[in-house]
>>> print(open('protein.txt').read())   # compact mmCIF, C-alpha atoms
# COMPACT_ATOMS: atom_id res chain seq x y z
CA MET A 185 53.34 146.55 127.32
CA SER A 186 50.80 143.85 126.42
CA VAL A 187 49.63 142.08 129.57
CA ARG A 188 47.53 139.84 127.35
CA HIS A 189 50.52 138.49 125.43
CA ALA A 190 52.75 138.36 128.51
CA LEU A 191 50.19 136.07 130.20
CA LEU A 192 49.94 133.92 127.06
CA ALA A 193 53.75 133.61 127.11
CA LEU A 194 53.66 132.40 130.72
CA LEU A 195 50.84 129.95 129.94
CA SER A 196 52.84 128.57 126.99
CA GLU A 197 55.19 127.04 129.59
CA GLY A 198 52.33 125.01 131.05
CA PRO A 199 49.01 125.42 132.94
CA LYS A 200 49.09 127.99 135.73
CA TYR A 201 46.87 129.60 138.37
CA GLY A 202 45.95 133.29 138.36
CA LEU A 203 48.00 134.21 141.40
CA GLN A 204 50.98 132.28 140.06
CA LEU A 205 50.71 134.20 136.75
CA ARG A 206 50.82 137.52 138.56
CA GLU A 207 53.89 136.54 140.59
CA GLU A 208 55.72 135.17 137.56
CA PHE A 209 54.85 138.24 135.46
CA GLU A 210 56.37 140.53 138.06
CA ALA A 211 59.45 138.34 138.51
CA ARG A 212 60.09 138.13 134.75
CA THR A 213 59.80 141.89 134.24
CA GLY A 214 62.19 142.57 137.10
CA GLU A 215 59.26 143.90 139.17
CA VAL A 216 59.52 147.08 137.11
CA TRP A 217 55.87 146.85 136.09
CA PRO A 218 53.76 145.82 139.08
CA LEU A 219 50.48 144.22 138.07
CA ASN A 220 47.32 144.28 140.16
CA VAL A 221 45.45 141.04 140.56
CA GLY A 222 42.25 142.48 139.03
CA GLN A 223 44.12 143.12 135.78
CA VAL A 224 45.26 139.50 135.71
CA TYR A 225 41.75 138.01 136.13
CA GLN A 226 40.17 140.45 133.71
CA THR A 227 42.79 139.62 131.08
CA LEU A 228 42.40 135.86 131.69
CA GLN A 229 38.62 136.14 131.21
CA ARG A 230 39.14 137.92 127.90
CA LEU A 231 41.68 135.32 126.75
CA GLU A 232 39.14 132.60 127.56
CA ARG A 233 36.34 134.48 125.77
CA ASP A 234 38.54 134.82 122.66
CA GLY A 235 39.48 131.13 122.70
CA LEU A 236 43.17 131.83 123.36
CA ALA A 237 43.20 130.22 126.80
CA GLU A 238 40.91 127.81 128.64
CA SER A 239 40.31 127.08 132.29
CA GLY A 240 40.79 123.58 133.56
CA ASP A 241 37.70 123.62 135.80
CA ASP A 242 34.44 125.41 136.46
CA ALA A 243 35.75 127.24 139.52
CA GLU A 244 34.97 130.94 139.96
CA PRO A 245 37.70 133.32 138.75
CA GLY A 246 40.19 133.59 141.60
CA PRO A 247 43.60 132.52 142.83
CA GLN A 248 42.83 128.80 142.55
CA LYS A 249 41.39 128.77 139.03
CA GLY A 250 43.85 127.19 136.60
CA PHE A 251 44.37 128.17 132.95
CA ARG A 252 46.12 126.64 129.94
CA ILE A 253 46.95 128.06 126.51
CA THR A 254 44.98 126.81 123.46
CA GLU A 255 46.37 126.14 119.96
CA ALA A 256 44.88 129.44 118.83
CA GLY A 257 46.58 131.13 121.78
CA ALA A 258 49.96 129.61 120.86
CA ALA A 259 49.55 130.83 117.27
CA GLU A 260 48.55 134.29 118.48
CA LEU A 261 51.64 134.43 120.73
CA ALA A 262 54.01 133.29 117.95
CA GLY A 263 52.61 135.96 115.64
CA TRP A 264 52.80 138.71 118.27
CA LEU A 265 56.44 137.95 119.18
CA ARG A 266 57.53 138.48 115.59
CA THR A 267 55.40 141.54 114.84
CA PRO A 268 57.40 144.75 115.39
CA PRO A 269 55.50 147.36 117.41
CA ASP A 270 54.47 150.48 115.51
CA LEU A 271 57.53 152.69 115.74
CA GLY A 272 57.02 154.19 112.29
CA SER A 273 54.85 157.17 113.12
CA PRO A 274 55.69 158.59 116.53
CA PRO A 275 52.97 159.84 118.84
CA ARG A 276 52.80 163.57 119.41
CA ASP A 277 55.50 164.17 121.99
CA GLU A 278 54.72 166.67 124.73
CA LEU A 279 58.39 167.47 125.29
CA ILE A 280 58.96 168.33 121.62
CA ILE A 281 55.89 170.55 121.64
CA LYS A 282 57.11 172.40 124.75
CA ILE A 283 60.49 173.11 123.15
CA LEU A 284 58.87 174.19 119.86
CA VAL A 285 56.61 176.57 121.80
CA ALA A 286 59.53 177.90 123.86
CA VAL A 287 61.46 178.68 120.66
CA ARG A 288 58.69 181.00 119.43
CA LEU A 289 57.70 182.58 122.71
CA PRO A 290 59.15 186.06 123.33
CA GLY A 291 60.96 186.51 126.63
CA VAL A 292 61.57 182.79 127.13
CA ASP A 293 65.12 181.44 127.28
CA VAL A 294 64.72 178.18 125.37
CA HIS A 295 68.11 176.93 126.59
CA GLU A 296 66.91 177.27 130.17
CA VAL A 297 63.75 175.32 129.29
CA ILE A 298 65.86 172.62 127.65
CA GLN A 299 68.11 172.43 130.72
CA ALA A 300 65.14 172.01 133.07
CA HIS A 301 64.04 168.97 131.05
CA ARG A 302 67.59 167.67 130.69
CA ARG A 303 68.13 167.80 134.46
CA TYR A 304 64.86 165.96 135.13
CA VAL A 305 65.66 163.19 132.63
CA VAL A 306 69.24 162.76 133.91
CA GLU A 307 67.90 162.51 137.49
CA LEU A 308 65.55 159.75 136.32
CA MET A 309 68.49 158.01 134.61
CA GLN A 310 70.49 158.22 137.87
CA GLN A 311 67.67 156.41 139.66
CA TRP A 312 67.52 153.66 137.01
CA THR A 313 71.31 153.31 137.09
CA ARG A 314 71.19 152.87 140.89
CA LEU A 315 68.88 149.91 140.31
CA LYS A 316 71.41 148.50 137.86
CA GLU A 317 74.23 149.08 140.34
CA GLY A 318 72.37 147.11 142.99
CA ASP A 319 69.94 144.30 142.29
CA ALA A 320 70.08 144.26 138.53
CA GLU A 321 73.57 142.82 138.39
CA HIS A 322 72.15 139.46 139.50
CA ASP A 323 68.68 139.80 137.96
CA LEU A 324 68.70 139.43 134.19
CA SER A 325 65.09 140.54 133.68
CA LEU A 326 65.59 143.68 135.73
CA ALA A 327 68.88 144.46 133.94
CA LEU A 328 67.18 144.20 130.54
CA ALA A 329 64.23 146.35 131.64
CA VAL A 330 66.58 148.97 133.15
CA ASP A 331 68.74 149.03 129.99
CA ALA A 332 65.61 149.67 127.91
CA GLU A 333 64.57 152.60 130.13
CA LEU A 334 68.09 154.04 130.10
CA PHE A 335 68.38 153.90 126.32
CA ARG A 336 64.93 155.48 125.93
CA LEU A 337 65.81 158.33 128.32
CA ASP A 338 69.27 158.68 126.79
CA ALA A 339 67.62 159.30 123.42
CA VAL A 340 65.62 162.15 125.00
CA VAL A 341 68.80 163.75 126.41
CA ARG A 342 70.53 163.38 123.05
CA TRP A 343 67.63 165.09 121.34
CA LEU A 344 67.72 167.92 123.92
CA ASP A 345 71.50 168.29 123.42
CA THR A 346 71.06 168.35 119.65
CA ALA A 347 68.23 170.89 119.91
CA ASP A 348 70.36 173.03 122.22
CA GLY A 349 73.27 173.06 119.75
CA ARG A 350 71.02 173.59 116.73
CA LEU A 351 69.25 176.54 118.35
CA LYS A 352 72.58 178.06 119.37
CA ARG A 353 73.86 177.86 115.79
CA ALA A 354 70.54 179.12 114.43
CA ALA A 355 70.72 182.18 116.69
CA LEU A 356 73.95 183.11 114.90
CA THR A 357 72.49 182.61 111.42
CA PRO A 358 68.66 182.64 111.56
CA PRO A 359 67.19 180.17 109.03
CA PRO A 360 64.06 180.91 106.95
CA VAL A 361 60.91 180.11 108.97
CA ARG A 362 59.18 176.93 107.84
CA SER A 363 55.46 176.54 108.20
CA THR A 364 54.12 174.16 110.82
CA PRO A 365 51.94 172.10 108.38
CA GLN A 366 55.06 171.16 106.42
CA LEU A 367 56.76 169.97 109.62
CA ARG A 368 53.70 167.92 110.59
CA ARG A 369 53.61 166.18 107.21
CA ARG A 370 57.31 165.38 107.28
CA THR A 371 57.48 163.86 110.75
CA GLY A 372 54.19 162.03 110.25
CA ALA A 373 53.13 162.97 113.79
CA ARG A 374 49.62 161.92 114.71
CA ARG A 375 47.20 163.17 117.24
CA MET B 274 82.56 168.99 155.14
CA THR B 275 85.52 170.03 153.00
CA GLY B 276 85.89 168.19 149.74
CA VAL B 277 88.95 166.26 148.62
CA LEU B 278 88.77 168.51 145.56
CA GLU B 279 87.74 172.15 145.93
CA LEU B 280 87.48 174.63 143.08
CA ARG B 281 86.71 178.19 144.14
CA GLU B 282 85.74 180.73 141.48
CA VAL B 283 88.15 179.22 138.99
CA SER B 284 88.47 180.96 135.63
CA LYS B 285 90.65 180.13 132.65
CA THR B 286 91.15 182.49 129.73
CA TYR B 287 93.16 181.66 126.62
CA ARG B 288 94.46 184.18 124.13
CA ASP B 289 93.41 183.35 120.57
CA GLY B 290 95.00 185.94 118.28
CA THR B 291 93.52 189.21 119.45
CA ASP B 292 90.55 187.55 121.21
CA ASP B 293 90.20 186.25 124.74
CA VAL B 294 88.57 182.82 124.95
CA HIS B 295 86.93 182.18 128.31
CA ALA B 296 87.22 178.42 128.77
CA LEU B 297 86.04 178.54 132.41
CA ARG B 298 84.21 181.34 134.21
CA GLU B 299 84.14 181.45 138.00
CA VAL B 300 83.56 177.74 138.47
CA SER B 301 83.13 176.55 142.07
CA MET B 302 82.80 172.89 142.91
CA SER B 303 83.46 170.52 145.79
CA VAL B 304 83.88 166.74 145.59
CA GLU B 305 83.95 164.79 148.83
CA ALA B 306 85.63 161.47 149.55
CA GLY B 307 83.49 158.53 148.48
CA ARG B 308 81.47 160.62 146.04
CA MET B 309 81.34 160.57 142.26
CA VAL B 310 80.52 163.78 140.42
CA ALA B 311 79.92 163.84 136.66
CA VAL B 312 80.54 167.04 134.73
CA MET B 313 78.31 166.92 131.69
CA GLY B 314 78.48 169.27 128.75
CA PRO B 315 78.96 169.43 124.97
CA SER B 316 82.29 169.75 123.15
CA GLY B 317 83.89 173.11 123.88
CA SER B 318 81.89 173.69 127.07
CA GLY B 319 85.05 173.73 129.21
CA LYS B 320 84.63 170.35 130.89
CA SER B 321 88.04 169.00 129.87
CA THR B 322 89.71 172.29 130.92
CA LEU B 323 88.02 171.89 134.30
CA LEU B 324 89.53 168.41 134.62
CA THR B 325 93.06 169.43 133.64
CA ILE B 326 92.95 172.34 136.10
CA ALA B 327 91.58 170.06 138.87
CA GLY B 328 94.47 167.68 138.14
CA ALA B 329 97.14 170.42 138.23
CA LEU B 330 97.98 169.76 134.58
CA GLU B 331 97.10 173.39 133.85
CA THR B 332 97.00 176.51 136.02
CA PRO B 333 93.87 178.67 136.25
CA THR B 334 93.91 182.36 135.27
CA SER B 335 92.21 183.13 138.59
CA GLY B 336 90.59 181.29 141.48
CA GLU B 337 91.78 178.59 143.84
CA VAL B 338 92.17 174.82 143.53
CA THR B 339 92.90 172.52 146.47
CA VAL B 340 93.35 168.74 146.65
CA GLY B 341 93.28 167.20 150.10
CA GLY B 342 93.36 170.69 151.57
CA LEU B 343 96.57 171.66 149.76
CA ALA B 344 96.34 174.66 147.43
CA PHE B 345 98.10 174.36 144.05
CA ALA B 346 98.80 178.09 143.94
CA GLY B 347 102.12 179.00 145.52
CA MET B 348 103.41 175.41 145.31
CA SER B 349 106.74 174.85 143.63
CA ARG B 350 106.66 172.96 140.35
CA ASP B 351 108.23 169.92 142.04
CA ASP B 352 105.71 169.93 144.91
CA ARG B 353 102.86 170.18 142.44
CA SER B 354 104.25 167.25 140.44
CA ARG B 355 104.61 165.21 143.63
CA LEU B 356 101.02 165.93 144.68
CA ARG B 357 99.85 165.02 141.18
CA ARG B 358 101.69 161.68 141.25
CA ARG B 359 100.73 160.72 144.80
CA ALA B 360 97.21 161.97 145.26
CA ILE B 361 95.63 162.13 141.81
CA GLY B 362 94.85 159.37 139.33
CA TYR B 363 93.87 160.01 135.71
CA VAL B 364 91.84 157.91 133.31
CA PHE B 365 91.65 159.06 129.69
CA GLN B 366 89.44 158.03 126.80
CA ASP B 367 92.38 156.65 124.80
CA PHE B 368 93.92 154.89 127.83
CA ASN B 369 97.38 156.56 127.43
CA LEU B 370 99.32 153.40 128.26
CA LEU B 371 102.98 153.31 127.26
CA PRO B 372 103.31 150.72 124.48
CA GLY B 373 106.80 149.46 125.39
CA LEU B 374 105.81 148.57 128.97
CA THR B 375 103.79 145.60 130.23
CA ALA B 376 100.50 146.11 132.07
CA ALA B 377 102.26 145.72 135.45
CA GLU B 378 105.05 148.12 134.42
CA ASN B 379 102.52 150.70 133.27
CA VAL B 380 100.73 150.50 136.62
CA ALA B 381 104.00 150.58 138.59
CA LEU B 382 105.36 153.59 136.68
CA PRO B 383 103.80 156.43 138.72
CA LEU B 384 104.99 154.77 141.96
CA GLU B 385 108.53 154.41 140.65
CA LEU B 386 108.51 158.01 139.45
CA ASP B 387 107.57 158.90 142.99
CA GLY B 388 110.71 157.23 144.32
CA LEU B 389 109.39 153.81 145.34
CA SER B 390 111.76 150.90 144.63
CA ALA B 391 111.00 148.92 141.49
CA ARG B 392 110.25 145.81 143.56
CA LYS B 393 107.79 147.54 145.90
CA ALA B 394 106.16 149.34 143.01
CA ARG B 395 105.66 146.05 141.20
CA VAL B 396 104.09 144.42 144.27
CA SER B 397 101.58 147.29 144.51
CA ALA B 398 100.95 147.18 140.76
CA VAL B 399 100.25 143.45 140.75
CA ALA B 400 97.87 143.90 143.72
CA ALA B 401 95.99 146.65 141.86
CA LEU B 402 95.76 144.47 138.74
CA ARG B 403 94.47 141.59 140.86
CA GLU B 404 91.67 143.79 142.20
CA LEU B 405 90.58 144.46 138.62
CA ASP B 406 90.77 140.76 137.70
CA LEU B 407 93.81 141.29 135.46
CA THR B 408 96.41 139.09 137.20
CA GLU B 409 96.89 136.93 134.13
CA ARG B 410 97.41 140.00 131.97
CA ALA B 411 100.16 141.55 134.12
CA GLY B 412 102.93 140.54 131.72
CA HIS B 413 101.09 141.52 128.53
CA PHE B 414 101.89 144.62 126.47
CA PRO B 415 99.04 147.07 125.68
CA ASP B 416 98.74 145.86 122.07
CA GLN B 417 98.10 142.33 123.39
CA LEU B 418 95.09 143.53 125.42
CA SER B 419 91.49 144.22 124.37
CA GLY B 420 90.08 147.76 124.65
CA GLY B 421 88.25 146.89 127.87
CA GLU B 422 91.38 145.33 129.39
CA ARG B 423 93.50 148.36 128.45
CA GLN B 424 91.06 150.67 130.20
CA ARG B 425 91.07 148.42 133.28
CA VAL B 426 94.89 148.63 133.33
CA ALA B 427 94.57 152.43 133.06
CA ILE B 428 92.17 152.38 136.04
CA ALA B 429 94.61 150.19 138.02
CA ARG B 430 97.31 152.79 137.28
CA ALA B 431 94.97 155.56 138.42
CA ILE B 432 94.08 153.96 141.76
CA VAL B 433 97.41 152.33 142.66
CA GLY B 434 99.14 153.65 145.79
CA ASP B 435 97.45 156.13 148.07
CA ARG B 436 95.39 158.21 145.66
CA ARG B 437 92.63 160.46 146.96
CA LEU B 438 91.23 161.89 143.74
CA LEU B 439 90.43 160.14 140.49
CA LEU B 440 89.82 162.21 137.36
CA ALA B 441 88.33 160.55 134.27
CA ASP B 442 87.85 162.15 130.85
CA GLU B 443 85.25 160.24 128.78
CA PRO B 444 86.60 156.98 130.25
CA THR B 445 84.29 154.70 128.26
CA GLY B 446 84.34 156.65 125.00
CA ALA B 447 86.14 154.04 122.95
CA LEU B 448 84.37 151.02 124.48
CA ASP B 449 81.13 149.18 123.74
CA THR B 450 78.22 149.35 126.19
CA ALA B 451 79.13 146.22 128.20
CA ASN B 452 82.79 147.22 128.62
CA GLY B 453 81.77 150.81 129.34
CA GLU B 454 79.46 149.63 132.10
CA ALA B 455 82.24 147.44 133.54
CA VAL B 456 84.54 150.47 133.63
CA MET B 457 81.93 152.58 135.42
CA ARG B 458 81.40 149.82 138.00
CA LEU B 459 85.15 149.76 138.69
CA LEU B 460 85.29 153.55 139.06
CA LEU B 461 82.31 153.42 141.40
CA THR B 462 83.92 150.65 143.49
CA ALA B 463 87.08 152.76 143.84
CA CYS B 464 84.88 155.71 144.77
CA ARG B 465 82.98 153.77 147.45
CA ARG B 466 86.32 152.81 149.02
CA GLY B 467 86.94 156.48 149.68
CA LEU B 468 88.25 158.12 146.53
CA ALA B 469 86.68 161.33 145.28
CA VAL B 470 85.90 160.79 141.59
CA VAL B 471 85.20 163.31 138.82
CA VAL B 472 84.07 162.06 135.42
CA VAL B 473 83.66 164.48 132.54
CA THR B 474 81.46 163.35 129.70
CA HIS B 475 78.86 164.33 127.14
CA ASP B 476 77.14 160.96 127.64
CA ALA B 477 74.06 160.91 129.90
CA GLN B 478 74.25 157.14 130.49
CA LEU B 479 77.79 157.52 131.78
CA ALA B 480 76.91 160.58 133.86
CA SER B 481 73.98 158.75 135.45
CA TRP B 482 76.39 156.54 137.43
CA ALA B 483 77.42 159.62 139.44
CA ASP B 484 75.97 160.75 142.80
CA ARG B 485 75.66 164.26 141.39
CA VAL B 486 75.68 165.54 137.82
CA VAL B 487 76.93 169.06 137.17
CA PHE B 488 75.97 170.68 133.87
CA ILE B 489 78.49 172.97 132.20
CA ARG B 490 77.81 175.35 129.31
CA ASP B 491 80.15 177.95 127.83
CA GLY B 492 82.58 177.59 130.73
CA ARG B 493 79.96 178.08 133.44
CA ILE B 494 78.25 175.58 135.73
CA VAL B 495 74.62 176.25 134.92
CA ASP B 496 72.82 173.54 136.88
CA HIS B 497 73.19 170.29 138.81
CA THR B 498 71.03 167.32 139.79
CA GLY B 499 69.63 166.91 143.30
CA GLY B 500 71.02 164.74 146.09
CA ARG B 501 71.60 161.03 146.00
CA PRO B 502 69.26 159.30 143.57
CA ASP B 503 66.55 157.15 145.12
CA PRO B 504 65.50 154.28 142.85
CA ASP B 505 62.59 153.24 145.09
CA SER B 506 60.35 155.91 143.58
CA LEU B 507 60.63 154.19 140.18
CA LEU B 508 59.08 150.98 141.43
CA ALA B 509 56.23 152.74 143.20
CA GLU B 510 54.75 154.15 139.99
CA GLU B 511 51.36 153.17 138.62
CA PRO B 512 51.38 149.80 136.90
CA ALA B 513 51.60 149.85 133.14
CA GLY B 514 48.69 148.42 131.21
>>> encode(input="protein.txt", output="structure tokens")
Amino acid sequence: MSVRHALLALLSEGPKYGLQLREEFEARTGEVWPLNVGQVYQTLQRLERDGLAESGDDAEPGPQKGFRITEAGAAELAGWLRTPPDLGSPPRDELIIKILVAVRLPGVDVHEVIQAHRRYVVELMQQWTRLKEGDAEHDLSLALAVDAELFRLDAVVRWLDTADGRLKRAALTPPPVRSTPQLRRRTGARR
Amino acid sequence: MTGVLELREVSKTYRDGTDDVHALREVSMSVEAGRMVAVMGPSGSGKSTLLTIAGALETPTSGEVTVGGLAFAGMSRDDRSRLRRRAIGYVFQDFNLLPGLTAAENVALPLELDGLSARKARVSAVAALRELDLTERAGHFPDQLSGGERQRVAIARAIVGDRRLLLADEPTGALDTANGEAVMRLLLTACRRGLAVVVVTHDAQLASWADRVVFIRDGRIVDHTGGRPDPDSLLAEEPAG
């Protein structure tokens, strides 16, 4: 989540004060990502330093200091909106590592480990869905943010389900053991 | 508190050639009025068998099933059919609407089968369709309805009359996300009005609408989620940078 670009997006609607930016940021993201006021002023100072935003007066940084987006800021925002985030090489995922370790460890029931994670993720999904059941029906930003979380968590459960089934089948017909370096190269995982 | 649906150490074994297949093994479960329970498991885990046994569509090899305090075991076939028609509603993935009947006739059918006059049954059916925003579709045949509308008609049929238990097998399986969500909202609304609801599914997004999720593997309940989910904890987390 880029606070920097989110603030530029809000400023592209017109000049705004720091406090106003914080309130609008939280409202637009369905209050899913609360932002502290220090983060807002720090980010605004950096935007000003980089020539992407400018303040309308010489007032000290604070609630009453107004900011507007510059031409360079508008260009930066337009570029950022259309640049896909780096989804190509996934970060090293702690959950995957835990399951891979559980598979090799003697005396560990990997299916039980998988279930512990599955239960936790489904409980999280229940909490997000409760938000959708309540407020999100009338709050578009919150509904979109909740959908994103649910799809992300759903993907984790699907992977756990697939791993569960794959390990069950593998236990019936053990495959040849592949070396870890080959796996690392194929998935492109990075540290 | 006793549940509307109670399963006590229910087992189901099928004979496959010379082998015994244990579809359910000593499953115990209770679903109270106004609560939705999701049974989540992969294909072949026994979740659909659990639903058909809970709905008296199949008899268990051992164990006890009660709906509204009435035990299926020892009931005559007719009594069991009557209980099934009056107290239990079913929603299936492929809707199971009769093609030659209109939406209203499909919804009225279980009431008429239960001995209600055609006129009274139709009045109840139209009221159920109205609740699901389908008044204008009452005279349409299933092939004139969209997938989402067909499933809403199936839900109307499942909740019409004085049902106490609603059983749903992958009720959003054939629908897109928006229609699937609409179906889950309707099931939840029916649930909050006092029905006990059981949804079986392999889909975590669907299961997450439930108050409690029960996980089934190889015919056994292996785990379940905690109490009622509390979304407040999500919004109290550290802010993202």
>>> interface_residues(input="protein.txt", of="chain A", to="chain B", cutoff="6 Å", atoms="all atoms listed in the file", output="PyMOL selection string")
chain A and resi 216-219+309-311
>>> atom_distance(input="protein.txt", atom1="atom CA of Val221 of chain A", atom2="atom CA of Ala193 of chain A")
17.5 Å
>>> atom_distance(input="protein.txt", atom1="atom CA of Leu405 of chain B", atom2="atom CA of Ala441 of chain B")
16.8 Å
>>> closest_residue(input="protein.txt", among="B:Leu468, B:Met313, B:Ala401, B:Ala296", to="Arg302 of chain A", atoms="all atoms listed in the file")
B:Met313
>>> atom_distance(input="protein.txt", atom1="atom CA of Thr254 of chain A", atom2="atom CA of Gly240 of chain A")
11.4 Å
>>> residues_around(input="protein.txt", residues="Val187 of chain A", least_positions_apart="3", cutoff="9 Å", atoms="all atoms listed in the file", output="number ranges by chain")
A: 190-192, 209, 219, 223-224, 227; B: 513-514
>>> residues_near_point(input="protein.txt", point="(90.8, 155.1, 126.1)", cutoff="10 Å", atoms="only C-alpha atoms", output="mmCIF file with C-alpha atoms, in the coordinates of the input")
data_model
loop_
_atom_site.group_PDB
_atom_site.id
_atom_site.type_symbol
_atom_site.label_atom_id
_atom_site.label_comp_id
_atom_site.auth_asym_id
_atom_site.auth_seq_id
_atom_site.Cartn_x
_atom_site.Cartn_y
_atom_site.Cartn_z
ATOM 1 C CA VAL B 364 91.840 157.910 133.310
ATOM 2 C CA PHE B 365 91.650 159.060 129.690
ATOM 3 C CA GLN B 366 89.440 158.030 126.800
ATOM 4 C CA ASP B 367 92.380 156.650 124.800
ATOM 5 C CA PHE B 368 93.920 154.890 127.830
ATOM 6 C CA ASN B 369 97.380 156.560 127.430
ATOM 7 C CA LEU B 370 99.320 153.400 128.260
ATOM 8 C CA GLY B 420 90.080 147.760 124.650
ATOM 9 C CA GLY B 421 88.250 146.890 127.870
ATOM 10 C CA ARG B 423 93.500 148.360 128.450
ATOM 11 C CA GLN B 424 91.060 150.670 130.200
ATOM 12 C CA ARG B 425 91.070 148.420 133.280
ATOM 13 C CA ALA B 427 94.570 152.430 133.060
ATOM 14 C CA ASP B 442 87.850 162.150 130.850
ATOM 15 C CA GLU B 443 85.250 160.240 128.780
ATOM 16 C CA PRO B 444 86.600 156.980 130.250
ATOM 17 C CA THR B 445 84.290 154.700 128.260
ATOM 18 C CA GLY B 446 84.340 156.650 125.000
ATOM 19 C CA ALA B 447 86.140 154.040 122.950
ATOM 20 C CA LEU B 448 84.370 151.020 124.480
#
>>> residues_near_point(input="protein.txt", point="(69.1, 151.2, 134.7)", cutoff="10 Å", atoms="all atoms listed in the file", output="NGL selection string")
(:A and (308-318 or 320 or 326-335)) or (:B and (478 or 481-482 or 504))
>>> residues_around(input="protein.txt", residues="Phe251 of chain A", least_positions_apart="2", cutoff="12 Å", atoms="all atoms listed in the file", output="ChimeraX atom specification")
/A:191-192,194-205,224-225,227-229,231-232,235-243,245-249,253-254,257
